[in-house]
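Colleague: For reference, this is query_12.cif, and it has mmCIF, C-alpha atoms.
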```cif
data_target
loop_
_atom_site.label_atom_id
_atom_site.label_comp_id
_atom_site.auth_asym_id
_atom_site.auth_seq_id
_atom_site.Cartn_x
_atom_site.Cartn_y
_atom_site.Cartn_z
CA MET B 1 10.49 -17.75 47.51
CA ALA B 2 10.84 -21.19 46.03
CA GLY B 3 8.33 -23.79 47.13
CA ALA B 4 8.32 -27.51 47.74
CA ALA B 5 10.39 -28.18 44.62
CA HIS B 6 13.28 -26.27 46.15
CA HIS B 7 12.89 -28.29 49.37
CA LEU B 8 13.32 -31.46 47.32
CA ALA B 9 16.34 -30.06 45.50
CA VAL B 10 17.97 -29.20 48.83
CA THR B 11 17.20 -32.66 50.23
CA ALA B 12 18.50 -34.45 47.12
CA ALA B 13 21.84 -32.62 47.36
CA LEU B 14 22.59 -33.80 50.91
CA PRO B 15 26.21 -34.94 51.29
CA PHE B 16 25.87 -38.14 53.36
CA PRO B 17 28.55 -40.78 52.95
CA ALA B 18 27.19 -44.34 52.83
CA LEU B 19 29.35 -45.63 55.70
CA ASN B 20 26.55 -46.86 57.92
CA PHE B 21 23.20 -47.25 56.18
CA GLU B 22 21.02 -46.88 59.32
CA ALA B 23 22.94 -43.84 60.56
CA THR B 24 22.70 -42.27 57.11
CA VAL B 25 18.93 -42.86 57.00
CA ASP B 26 18.54 -41.32 60.48
CA ARG B 27 20.65 -38.29 59.51
CA ARG B 28 18.72 -37.78 56.28
CA ALA B 29 15.35 -38.06 58.08
CA ARG B 30 16.49 -35.60 60.74
CA LEU B 31 17.68 -33.10 58.14
CA GLU B 32 14.48 -33.51 56.13
CA ARG B 33 12.51 -32.68 59.30
CA MET B 34 14.68 -29.59 59.74
CA ILE B 35 14.13 -28.51 56.14
CA ASN B 36 10.37 -29.13 56.21
CA GLY B 37 9.96 -27.40 59.58
CA GLU B 38 12.30 -24.43 59.20
CA TYR B 39 12.77 -23.66 55.49
CA ARG B 40 10.30 -20.76 55.34
CA PHE B 41 11.51 -19.34 58.66
CA ILE B 42 15.15 -19.37 57.48
CA TRP B 43 14.22 -17.81 54.13
CA ARG B 44 12.29 -14.98 55.79
CA LEU B 45 15.04 -14.50 58.37
CA LEU B 46 17.73 -14.20 55.69
CA ARG B 47 15.62 -11.67 53.77
CA ARG B 48 14.98 -9.60 56.90
CA LEU B 49 18.68 -9.71 57.79
CA GLY B 50 19.52 -8.08 54.46
CA VAL B 51 20.06 -10.91 51.96
CA PRO B 52 18.58 -9.75 48.63
CA ALA B 53 15.63 -11.74 47.28
CA ASP B 54 17.62 -12.99 44.29
CA HIS B 55 20.25 -14.49 46.64
CA ALA B 56 17.92 -15.78 49.37
CA SER B 57 17.21 -19.25 47.95
CA ASP B 58 20.93 -19.92 47.48
CA ALA B 59 21.62 -18.72 51.02
CA VAL B 60 18.89 -21.00 52.43
CA GLN B 61 20.37 -23.94 50.56
CA GLN B 62 23.79 -23.06 51.98
CA VAL B 63 22.35 -23.02 55.53
CA PHE B 64 20.94 -26.52 55.09
CA LEU B 65 24.08 -27.84 53.40
CA ILE B 66 26.10 -26.65 56.39
CA ALA B 67 23.57 -28.35 58.67
CA ALA B 68 23.93 -31.56 56.65
CA GLU B 69 27.70 -31.46 56.98
CA ARG B 70 27.49 -30.82 60.72
CA ILE B 71 24.40 -32.91 61.53
CA ASP B 72 26.26 -35.07 64.05
CA ASP B 73 27.41 -31.93 65.92
CA ILE B 74 23.88 -30.50 66.30
CA ARG B 75 22.30 -31.39 69.65
CA GLU B 76 18.79 -32.83 69.55
CA ALA B 77 16.16 -30.10 70.08
CA SER B 78 18.75 -27.41 69.17
CA GLU B 79 18.27 -27.63 65.44
CA ARG B 80 16.48 -24.28 65.15
CA SER B 81 19.19 -22.54 67.15
CA PHE B 82 21.87 -24.03 64.91
CA LEU B 83 20.04 -23.01 61.72
CA PHE B 84 19.43 -19.53 63.10
CA GLY B 85 23.09 -18.99 63.99
CA THR B 86 24.20 -20.29 60.61
CA ALA B 87 21.70 -18.02 58.82
CA VAL B 88 22.88 -14.95 60.78
CA ARG B 89 26.53 -15.65 59.92
CA LEU B 90 25.70 -16.28 56.24
CA SER B 91 23.65 -13.07 56.05
CA GLN B 92 26.59 -11.07 57.39
CA THR B 93 28.97 -12.71 54.92
CA SER B 94 26.53 -12.15 52.06
CA ARG B 95 26.05 -8.48 52.92
CA ARG B 96 29.82 -7.88 53.10
CA ARG B 97 30.34 -9.65 49.75
CA LEU B 98 27.52 -7.73 48.07
CA ALA B 99 28.87 -4.43 49.41
CA ARG B 100 32.16 -5.13 47.59
CA GLU B 101 30.50 -6.05 44.28
CA VAL B 102 30.42 -3.50 41.49
CA PRO B 103 26.80 -2.71 40.58
CA HIS B 104 25.64 -3.60 37.08
CA GLU B 105 25.11 -0.77 34.64
CA TYR B 106 21.63 -2.13 33.86
CA PRO B 107 18.64 -1.33 36.06
CA ASP B 108 17.07 -4.12 38.08
CA LEU B 109 15.67 -6.46 35.44
CA ASP B 110 13.51 -8.31 37.99
CA VAL B 111 11.14 -5.36 38.39
CA SER B 112 8.21 -5.56 36.05
CA PRO B 113 7.70 -2.46 33.87
CA LEU B 114 3.95 -3.08 33.97
CA PRO B 115 2.01 -1.22 36.65
CA GLY B 116 0.25 -3.49 39.17
CA PRO B 117 -2.88 -2.84 41.15
CA GLU B 118 -2.73 0.03 43.63
CA GLU B 119 -2.71 -2.24 46.66
CA LEU B 120 0.21 -4.31 45.38
CA SER B 121 2.12 -1.14 44.69
CA ASP B 122 1.50 0.11 48.23
CA GLN B 123 2.56 -3.22 49.70
CA LYS B 124 5.74 -3.19 47.67
CA ARG B 125 6.61 0.33 48.87
CA ALA B 126 5.91 -0.70 52.44
CA ARG B 127 8.18 -3.79 52.11
CA GLU B 128 10.93 -1.68 50.59
CA MET B 129 10.61 0.83 53.42
CA LEU B 130 10.75 -2.01 55.94
CA ASP B 131 13.92 -3.33 54.31
CA ARG B 132 15.52 0.15 54.41
CA VAL B 133 14.51 0.67 58.03
CA LEU B 134 15.81 -2.74 59.09
CA GLU B 135 19.06 -2.10 57.20
CA GLU B 136 19.66 0.95 59.41
CA MET B 137 19.46 -1.06 62.64
CA PRO B 138 22.57 -2.63 64.18
CA MET B 139 22.61 -6.40 63.52
CA ASP B 140 22.15 -7.44 67.17
CA VAL B 141 19.11 -5.15 67.61
CA ARG B 142 17.69 -6.03 64.19
CA THR B 143 17.96 -9.75 64.88
CA VAL B 144 15.93 -9.57 68.10
CA PHE B 145 13.42 -7.13 66.57
CA VAL B 146 12.86 -9.34 63.49
CA LEU B 147 12.51 -12.53 65.52
CA PHE B 148 9.99 -10.98 67.93
CA GLU B 149 7.99 -8.57 65.77
CA LEU B 150 8.06 -10.29 62.38
CA GLU B 151 8.63 -13.98 63.14
CA GLY B 152 6.55 -14.15 66.33
CA LEU B 153 9.12 -15.82 68.58
CA THR B 154 8.79 -15.26 72.31
CA SER B 155 11.50 -13.52 74.31
CA PRO B 156 12.63 -16.79 75.97
CA GLU B 157 12.84 -18.47 72.55
CA ILE B 158 14.92 -15.58 71.23
CA ALA B 159 17.21 -15.70 74.27
CA GLN B 160 17.83 -19.39 73.60
CA VAL B 161 18.33 -19.00 69.86
CA VAL B 162 20.56 -15.92 70.06
CA GLU B 163 22.27 -17.27 73.20
CA VAL B 164 21.95 -14.09 75.28
CA PRO B 165 20.25 -13.44 78.63
CA LEU B 166 16.53 -12.65 78.66
CA GLY B 167 17.26 -9.12 79.92
CA THR B 168 19.48 -8.50 76.90
CA VAL B 169 16.66 -9.61 74.61
CA ALA B 170 14.30 -7.19 76.37
CA SER B 171 16.70 -4.24 76.08
CA ARG B 172 17.48 -4.97 72.42
CA LEU B 173 13.77 -5.29 71.66
CA ARG B 174 13.08 -1.97 73.40
CA ARG B 175 15.93 -0.30 71.45
CA GLY B 176 14.70 -1.92 68.24
CA ARG B 177 11.17 -0.64 68.72
CA ASP B 178 12.42 2.88 69.48
CA MET B 179 14.74 2.84 66.48
CA PHE B 180 12.00 1.42 64.27
CA ARG B 181 9.60 4.23 65.25
CA GLU B 182 12.24 6.91 64.62
CA LEU B 183 13.40 5.41 61.34
CA VAL B 184 9.86 4.95 60.00
CA GLU B 185 9.06 8.54 60.93
CA ARG B 186 12.19 9.75 59.12
CA GLU B 187 11.44 7.55 56.06
CA THR B 188 7.85 8.76 55.96
CA LYS B 189 8.96 12.38 55.98
CA THR B 190 11.61 11.89 53.27
CA GLN B 191 9.40 9.71 51.05
CA GLY B 192 6.19 11.66 51.48
CA GLY B 193 4.56 8.75 53.33
CA VAL B 194 3.37 5.30 52.45
CA ARG B 195 -0.33 5.02 51.62
#
```
Using structure tokens, write down the structure that the file contains.

Modeller:
Amino acid sequence: MAGAAHHLAVTAALPFPALNFEATVDRRARLERMINGEYRFIWRLLRRLGVPADHASDAVQQVFLIAAERIDDIREASERSFLFGTAVRLSQTSRRRLAREVPHEYPDLDVSPLPGPEELSDQKRAREMLDRVLEEMPMDVRTVFVLFELEGLTSPEIAQVVEVPLGTVASRLRRGRDMFRELVERETKTQGGVR
């Protein structure tokens, strides 16, 4: 994941017309607060919703560019909800686009041929298994599961962000946990387990 330098690149690319200097300064400051406060959350969310690592930074930038274009439409204190909804829609679009792409004939060049320490190898296998397991879940269930179990949001926060009743969040979380258990068990059996 790109660090503070990417934050600055996103901020520098903001499309604000210079019609009203004070309004432009307020918009830019508001968007900078959104970027500084939510960048890592949006990046992790996009990854957990199936956006490949090599596309995640571009997708995050797209989320914030959309926010910049629509800044006047975003209600105060609803910025996170807006960013979340935008990220979910972009992840779905990205997954559909990637599914249509023809795979390259070369193996993944991002994977280092050098063996790493045992612990790093185990962590990588566990992350890959997590990605496969999450990929198997329906998007609505996966979204609630990721926000609660991986991002640490509370059920009321999720209900507000996803714009569904609290009971729906609870049932999706319950389904997500059940599916997660079953899918991990199946993955463990087919892969011979993760150390």

Colleague: Residues within 10 Å of segment 79-82 of chain B, please, as a PyMOL selection string. Count all atoms listed in the file; anything in the same chain fewer than 6 positions from it doesn't count.

Modeller: chain B and resi 30-31+33-34+37-38+41-42+63+66-67+70-71+73+157-158+160-163

Colleague: Name the residues within 7 Å of (20.3, -20.6, 56.5), counting all atoms listed in the file in the file's coordinates, and put them as a PDB file with C-alpha atoms, in the coordinates of the input.

Modeller:
```
ATOM      1  CA  ILE B  42      15.150 -19.370  57.480  1.00  0.00           C
ATOM      2  CA  LEU B  46      17.730 -14.200  55.690  1.00  0.00           C
ATOM      3  CA  ALA B  59      21.620 -18.720  51.020  1.00  0.00           C
ATOM      4  CA  VAL B  60      18.890 -21.000  52.430  1.00  0.00           C
ATOM      5  CA  GLN B  61      20.370 -23.940  50.560  1.00  0.00           C
ATOM      6  CA  GLN B  62      23.790 -23.060  51.980  1.00  0.00           C
ATOM      7  CA  VAL B  63      22.350 -23.020  55.530  1.00  0.00           C
ATOM      8  CA  PHE B  64      20.940 -26.520  55.090  1.00  0.00           C
ATOM      9  CA  LEU B  83      20.040 -23.010  61.720  1.00  0.00           C
ATOM     10  CA  PHE B  84      19.430 -19.530  63.100  1.00  0.00           C
ATOM     11  CA  THR B  86      24.200 -20.290  60.610  1.00  0.00           C
ATOM     12  CA  ALA B  87      21.700 -18.020  58.820  1.00  0.00           C
ATOM     13  CA  LEU B  90      25.700 -16.280  56.240  1.00  0.00           C
TER      14      LEU B  90
END
```

Colleague: Can you list, as a ChimeraX atom specification, the residues that the PyMOL selection byres ((chain B and resi 134) around 12) selects here?

Modeller: /B:45,47-51,127-133,135-146,149-150,176-177,179-184,187

Colleague: So what does the PyMOL selection byres ((chain B and resi 155) around 10) actually pick up in this one, as an mmCIF file with C-alpha atoms, keeping the file's coordinate frame?

Modeller:
```cif
data_model
loop_
_atom_site.group_PDB
_atom_site.id
_atom_site.type_symbol
_atom_site.label_atom_id
_atom_site.label_comp_id
_atom_site.auth_asym_id
_atom_site.auth_seq_id
_atom_site.Cartn_x
_atom_site.Cartn_y
_atom_site.Cartn_z
ATOM 1 C CA VAL B 144 15.930 -9.570 68.100
ATOM 2 C CA LEU B 147 12.510 -12.530 65.520
ATOM 3 C CA PHE B 148 9.990 -10.980 67.930
ATOM 4 C CA GLY B 152 6.550 -14.150 66.330
ATOM 5 C CA LEU B 153 9.120 -15.820 68.580
ATOM 6 C CA THR B 154 8.790 -15.260 72.310
ATOM 7 C CA PRO B 156 12.630 -16.790 75.970
ATOM 8 C CA GLU B 157 12.840 -18.470 72.550
ATOM 9 C CA ILE B 158 14.920 -15.580 71.230
ATOM 10 C CA ALA B 159 17.210 -15.700 74.270
ATOM 11 C CA GLN B 160 17.830 -19.390 73.600
ATOM 12 C CA VAL B 161 18.330 -19.000 69.860
ATOM 13 C CA PRO B 165 20.250 -13.440 78.630
ATOM 14 C CA LEU B 166 16.530 -12.650 78.660
ATOM 15 C CA GLY B 167 17.260 -9.120 79.920
ATOM 16 C CA THR B 168 19.480 -8.500 76.900
ATOM 17 C CA VAL B 169 16.660 -9.610 74.610
ATOM 18 C CA ALA B 170 14.300 -7.190 76.370
ATOM 19 C CA LEU B 173 13.770 -5.290 71.660
#
```

Colleague: Give me the box for segment 137-144 of chain B as AutoDock Vina command-line options, namely the centre and edge lengths in Å to one decimal of a box along x, y and z that holds every listed atom plus 4 Å on each side.

Modeller:
```
--center_x 19.3 --center_y -5.4 --center_z 65.4 --size_x 14.7 --size_y 16.7 --size_z 13.5
```

Colleague: Tell me, in Å to one decimal, how far atom CA of Gln92 of chain B is from atom CA of Arg174 of chain B.

Modeller: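 Calculated distance between atom CA of Gln92 of chain B and atom CA of Arg174 of chain B is 22.8 Å.
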